[in-house]
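Engineer: Just one file: my_file-v8.txt, with compact mmCIF, C-alpha atoms.
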```
# COMPACT_ATOMS: atom_id res chain seq x y z
CA GLU A 1487 110.21 163.97 55.45
CA SER A 1488 107.84 161.13 54.51
CA MET A 1489 105.54 162.17 57.44
CA LYS A 1490 105.08 165.67 56.07
CA VAL A 1491 101.98 166.20 54.11
CA LYS A 1492 102.56 167.91 50.85
CA ASN A 1493 100.68 171.06 50.09
CA GLU A 1494 98.96 169.37 47.14
CA ASP A 1495 97.63 166.59 49.46
CA LYS A 1496 96.28 169.21 51.88
CA VAL A 1497 94.33 170.76 49.08
CA LEU A 1498 92.95 167.38 48.01
CA ILE A 1499 91.99 166.47 51.58
CA GLY A 1500 90.30 169.87 52.01
CA VAL A 1501 88.36 169.41 48.80
CA GLY A 1502 87.24 165.96 49.96
CA VAL A 1503 86.02 167.24 53.31
CA VAL A 1504 84.16 170.11 51.66
CA GLY A 1505 82.63 167.69 49.19
CA ILE A 1506 81.37 165.36 51.92
CA GLY A 1507 80.05 168.37 53.87
CA LEU A 1508 78.21 169.69 50.81
CA VAL A 1509 76.58 166.32 50.08
CA GLY A 1510 75.50 166.07 53.71
CA TYR A 1511 74.09 169.59 53.68
CA LEU A 1512 72.14 168.97 50.47
CA TYR A 1513 70.72 165.71 51.91
CA TRP A 1514 69.65 167.54 55.09
CA GLU A 1515 68.00 170.29 53.04
CA LYS A 1516 66.12 167.67 50.98
CA LYS A 1517 64.84 165.93 54.12
CA LYS A 1518 63.88 169.29 55.64
CA ASP A 1519 61.88 170.20 52.52
CA GLU A 1520 60.11 166.82 52.60
CA LYS A 1521 59.18 167.32 56.24
CA GLU A 1522 57.84 170.82 55.49
CA GLN A 1523 55.77 169.49 52.58
CA GLU A 1524 54.31 166.76 54.82
CA PHE A 1525 53.50 169.37 57.42
CA LEU A 1526 51.86 171.70 54.88
CA THR A 1527 49.73 168.96 53.35
CA ASP A 1528 48.35 168.16 56.81
CA ILE A 1529 46.95 171.70 57.31
CA PRO A 1530 43.21 171.83 56.40
CA GLU A 1531 43.18 175.34 54.86
CA PRO A 1532 39.99 175.33 52.70
CA PRO A 1533 37.34 174.66 55.43
CA PRO A 1534 37.96 177.88 57.45
CA VAL A 1535 37.71 179.97 54.26
CA VAL A 1536 34.35 178.40 53.36
CA LEU A 1537 33.02 178.80 56.90
CA ASP A 1538 33.97 182.47 57.02
CA ARG A 1539 31.86 183.48 54.01
CA PRO A 1540 28.35 183.07 55.48
CA THR A 1541 29.28 184.89 58.71
CA ASN A 1542 30.67 187.81 56.72
CA SER A 1543 27.43 188.18 54.80
CA LEU A 1544 25.14 188.08 57.85
CA PRO A 1545 25.28 191.82 58.69
CA LYS A 1546 24.17 192.70 55.15
CA THR A 1547 20.96 190.70 55.45
CA GLY A 1548 20.34 191.24 59.16
CA ALA A 1549 18.98 194.79 58.94
CA VAL A 1550 15.77 195.29 60.96
CA LEU A 1551 12.93 197.30 59.39
CA ASN A 1552 11.27 200.03 61.42
CA LYS A 1553 7.75 199.54 60.08
CA ASN A 1554 6.37 202.51 62.02
CA LYS A 1555 8.85 205.01 60.57
CA VAL A 1556 6.99 207.60 58.46
CA LEU A 1557 8.56 207.68 55.00
CA GLY A 1558 8.49 210.80 52.83
CA LYS A 1559 10.51 212.67 50.25
CA GLY A 1560 14.21 212.87 51.13
CA ILE A 1561 14.19 209.82 53.45
CA LYS A 1562 16.76 207.10 52.73
CA GLY A 1563 17.33 203.59 54.07
CA VAL A 1564 16.14 199.98 54.17
CA GLU A 1565 12.55 201.02 54.92
CA VAL A 1566 12.45 203.01 51.69
CA ARG A 1567 13.84 200.00 49.81
CA GLU A 1568 11.01 197.85 51.17
CA LEU A 1569 8.42 200.50 50.25
CA GLN A 1570 9.83 200.65 46.71
CA ARG A 1571 9.60 196.86 46.50
CA LEU A 1572 5.92 197.01 47.55
CA LEU A 1573 5.29 199.76 45.00
CA GLY A 1574 6.95 197.69 42.27
CA ILE A 1575 9.41 200.41 41.23
CA THR A 1576 13.21 200.66 40.95
CA ILE A 1577 14.80 199.96 44.34
CA ASP A 1578 17.54 202.42 45.29
CA GLY A 1579 16.68 203.19 48.94
CA ASN A 1580 16.12 206.89 48.18
CA PHE A 1581 12.63 208.42 48.50
CA GLY A 1582 12.67 210.70 45.48
CA ALA A 1583 10.21 211.98 42.88
CA ASN A 1584 9.56 208.52 41.38
CA THR A 1585 8.71 207.00 44.76
CA LEU A 1586 6.47 209.95 45.63
CA THR A 1587 4.57 209.68 42.33
CA ALA A 1588 4.14 205.91 42.72
CA LEU A 1589 2.92 206.25 46.32
CA GLN A 1590 0.43 209.01 45.45
CA SER A 1591 -0.81 206.98 42.49
CA LYS A 1592 -1.28 203.79 44.51
CA LYS A 1593 -2.38 205.06 47.92
CA GLY A 1594 -3.24 208.73 47.40
CA VAL A 1595 -0.81 209.92 50.09
CA SER A 1596 2.60 211.65 50.16
CA LYS A 1597 3.92 210.09 53.36
CA ILE A 1598 3.36 206.66 54.85
CA SER A 1599 4.82 204.01 57.15
CA LEU A 1600 5.24 200.39 56.05
CA ASN A 1601 2.59 199.26 58.54
CA ALA A 1602 0.12 201.86 57.27
CA TYR A 1603 0.90 200.94 53.66
CA LEU A 1604 0.02 197.30 54.28
CA LYS A 1605 -3.25 198.20 56.04
CA MET A 1606 -4.43 201.00 53.75
CA PRO A 1607 -6.59 199.98 50.77
CA THR A 1608 -4.98 200.69 47.41
CA LYS A 1609 -6.28 203.61 45.45
CA THR A 1610 -7.08 201.36 42.48
CA THR A 1611 -9.90 199.61 44.40
CA SER A 1612 -11.75 202.87 45.00
CA LYS A 1613 -10.87 204.27 41.58
CA GLU A 1614 -13.67 202.28 39.99
CA ILE A 1615 -16.26 204.13 42.09
CA PRO A 1616 -17.30 207.49 40.54
CA THR A 1617 -16.78 209.39 43.80
CA ALA A 1618 -17.39 212.74 42.06
CA LEU A 1619 -20.98 211.68 41.34
CA VAL A 1620 -21.79 210.27 44.78
CA ALA A 1621 -19.85 212.73 46.94
CA PRO A 1622 -21.89 213.99 49.91
CA ARG A 1623 -22.67 217.68 50.23
CA LYS A 1624 -20.46 219.82 52.47
CA GLY A 1625 -21.49 219.53 56.13
CA GLN A 1626 -23.40 216.26 55.61
CA LYS A 1627 -23.00 213.62 58.31
CA LEU A 1628 -21.12 210.46 57.35
CA MET A 1629 -21.39 206.98 58.81
CA ALA A 1630 -19.35 203.79 58.34
CA ASN A 1631 -20.52 201.80 55.32
CA ALA A 1632 -18.85 198.56 56.53
CA ASN A 1633 -17.17 197.09 59.60
CA SER A 1634 -13.61 197.91 60.73
CA ILE A 1635 -13.44 201.32 59.02
CA SER A 1636 -10.31 203.35 59.86
CA LEU A 1637 -9.69 207.09 59.91
CA PHE A 1638 -6.29 208.57 59.06
CA ASN A 1639 -4.73 211.71 60.51
CA ALA A 1640 -4.87 214.79 58.26
CA LYS A 1641 -2.16 217.44 58.43
CA LYS A 1642 -2.58 220.99 57.19
CA THR A 1643 0.10 222.41 54.89
CA ALA A 1644 1.25 226.02 54.60
CA ASN A 1645 -1.04 226.67 51.63
CA GLY A 1646 -4.12 225.51 53.54
CA THR A 1647 -4.55 222.07 51.96
CA TYR A 1648 -4.52 218.80 53.89
CA PHE A 1649 -2.60 215.59 53.27
CA ASN A 1650 -2.97 212.08 54.66
CA THR A 1651 -0.09 211.32 57.06
CA GLY A 1652 -0.69 207.56 56.74
CA THR A 1653 -1.07 207.26 60.53
CA LYS A 1654 -4.19 206.47 62.54
CA PRO A 1655 -5.53 208.48 65.50
CA PHE A 1656 -5.41 207.16 69.06
CA MET A 1657 -9.19 207.16 69.50
CA GLY A 1658 -9.87 203.46 69.69
CA GLY A 1659 -9.08 201.98 66.32
CA SER A 1660 -11.85 201.29 63.83
CA PHE A 1661 -15.60 201.88 63.42
CA ASN A 1662 -18.33 199.42 62.46
CA TYR A 1663 -21.27 199.79 60.09
CA GLY A 1664 -23.68 202.60 60.99
CA GLU A 1665 -21.35 204.40 63.42
CA HIS A 1666 -21.03 208.17 63.03
CA LEU A 1667 -17.62 209.22 61.66
CA GLY A 1668 -17.92 212.98 61.18
CA VAL A 1669 -19.15 215.54 58.66
CA PHE A 1670 -18.06 215.84 55.05
CA VAL A 1671 -15.57 218.64 54.26
CA GLY A 1672 -14.33 217.80 50.76
CA SER A 1673 -13.04 215.19 48.30
CA LYS A 1674 -9.41 214.36 47.63
CA VAL A 1675 -7.71 212.83 44.62
CA GLY A 1676 -7.34 209.13 45.30
CA GLY A 1677 -10.88 208.34 46.43
CA GLN A 1678 -10.67 209.84 49.91
CA TYR A 1679 -12.85 212.25 51.86
CA LEU A 1680 -11.68 214.90 54.27
CA ILE A 1681 -14.00 214.89 57.28
CA ASN A 1682 -14.37 216.90 60.47
CA ARG A 1683 -14.93 214.93 63.66
CA ASP A 1684 -15.13 216.90 66.91
CA ASN A 1685 -13.29 219.83 65.26
CA VAL A 1686 -10.38 217.62 64.17
CA TYR A 1687 -9.76 216.76 60.51
CA TYR A 1688 -9.27 213.20 59.25
CA PHE A 1689 -9.21 211.31 55.98
CA VAL A 1690 -11.38 208.26 55.25
CA ASN A 1691 -11.71 206.13 52.13
CA ALA A 1692 -14.72 207.25 50.10
CA ASN A 1693 -16.01 203.74 49.49
CA ALA A 1694 -16.05 203.08 53.27
CA VAL A 1695 -18.64 205.76 54.15
CA LYS A 1696 -22.06 207.06 53.18
CA GLY A 1697 -24.07 210.13 54.00
CA TYR A 1698 -27.15 210.15 56.23
```
Starting from the file, lay out its structure as structure tokens.
Structural biologist:
Amino acid sequence: ESMKVKNEDKVLIGVGVVGIGLVGYLYWEKKKDEKEQEFLTDIPEPPPVVLDRPTNSLPKTGAVLNKNKVLGKGIKGVEVRELQRLLGITIDGNFGANTLTALQSKKGVSKISLNAYLKMPTKTTSKEIPTALVAPRKGQKLMANANSISLFNAKKTANGTYFNTGTKPFMGGSFNYGEHLGVFVGSKVGGQYLINRDNVYYFVNANAVKGY
């Protein structure tokens, strides 16, 4: 009878075992948490985040300009943005009425490529010359008034007028002083002359030619 374990003692023993088990479990959890914290503090997280930022931004700034693309009303893109920057107007990448007005005011043309824009003299330089007073008579021969004079292709519109395309013909680049360019056809707003050379129409800056 003395060897029998009373029910009350069983309960006490059970509680003791559970208590020891609980303390052991809590201690194991604590050590596990400490190990995880040590592991987490060893991970260098910030450097990869910093390194990723420049590579993500590269495509935005890596756009290549097509400087030979002819830009006109309705055209959109990075080339238009660059043209607007050169014109000194609001940059939105959309060739609208404001861009057209600014281009006509500065260069006297409605369409132009970036390469042609950089090579073409600004309208303001020829504006000072009273071209209306010194304009040659219709049919008069014109020669280059300086070296490296360029002609620009003229395109006829539906209403019979001509506009400067901003592109140069393939006939060997520029002309030097005294070389024959063509015959005078008429003046254009922006200090340019429309000329006829071998039955083809071109534009030339008024201050670059003289009659003979």
Engineer: Ranking A:Lys1674, A:His1666, A:Lys1642, A:Lys1592 by minimum distance to Leu1573 in chain A and counting only C-alpha atoms, which one comes first?
Structural biologist: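 Of A:Lys1674, A:His1666, A:Lys1642, A:Lys1592, the one nearest Leu1573 in chain A, counting only C-alpha atoms, is A:Lys1592.
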Engineer: Which value, in Å to one decimal, gives the distance between CA of Glu1665 in chain A and CA of Arg1683 in chain A?
Structural biologist: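 Between CA of Glu1665 in chain A and CA of Arg1683 in chain A the gap works out to 12.3 Å.
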Engineer: For Arg1567 in chain A, please output as a list in words all residues within 7 Å (counting all atoms listed in the file; exclusion window: fewer than 4 positions along the same chain).
Structural biologist: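 Once the adjacent positions are removed, what remains is Gly1563, Arg1571, Ile1577, Asp1578 and Gly1579 of chain A.
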Engineer: Set the distance at 6 Å and use all atoms listed in the file: which residues neighbour range 1550-1561 of chain A once local chain neighbours fewer than 5 positions away are removed? I'd like the list as a list in words.
Structural biologist: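 Listing them by chain and then by number gives Phe1581, Gly1582, Lys1597, Ile1598, Ser1599, Leu1600 and Asn1601 of chain A.
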Engineer: For Gly1676 in chain A, which residue out of A:Pro1622, A:Gly1646, A:Gly1652, A:Gly1594 is the nearest one, using only C-alpha atoms?
Structural biologist: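 For Gly1676 in chain A, the nearest of the candidates is A:Gly1594.
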Engineer: Please work out which residues fall within 7 Å of (-21.3, 210.1, 62.0), coordinates as given in the file, with all atoms listed in the file counting, and return them as a PyMOL selection string.
Structural biologist: chain A and resi 1627-1629+1665-1669
Engineer: So, counting all atoms listed in the file, which residue among A:Thr1647, A:Asp1684, A:Lys1593, A:Asn1639 is closest to Thr1608 in chain A?
Structural biologist: A:Lys1593
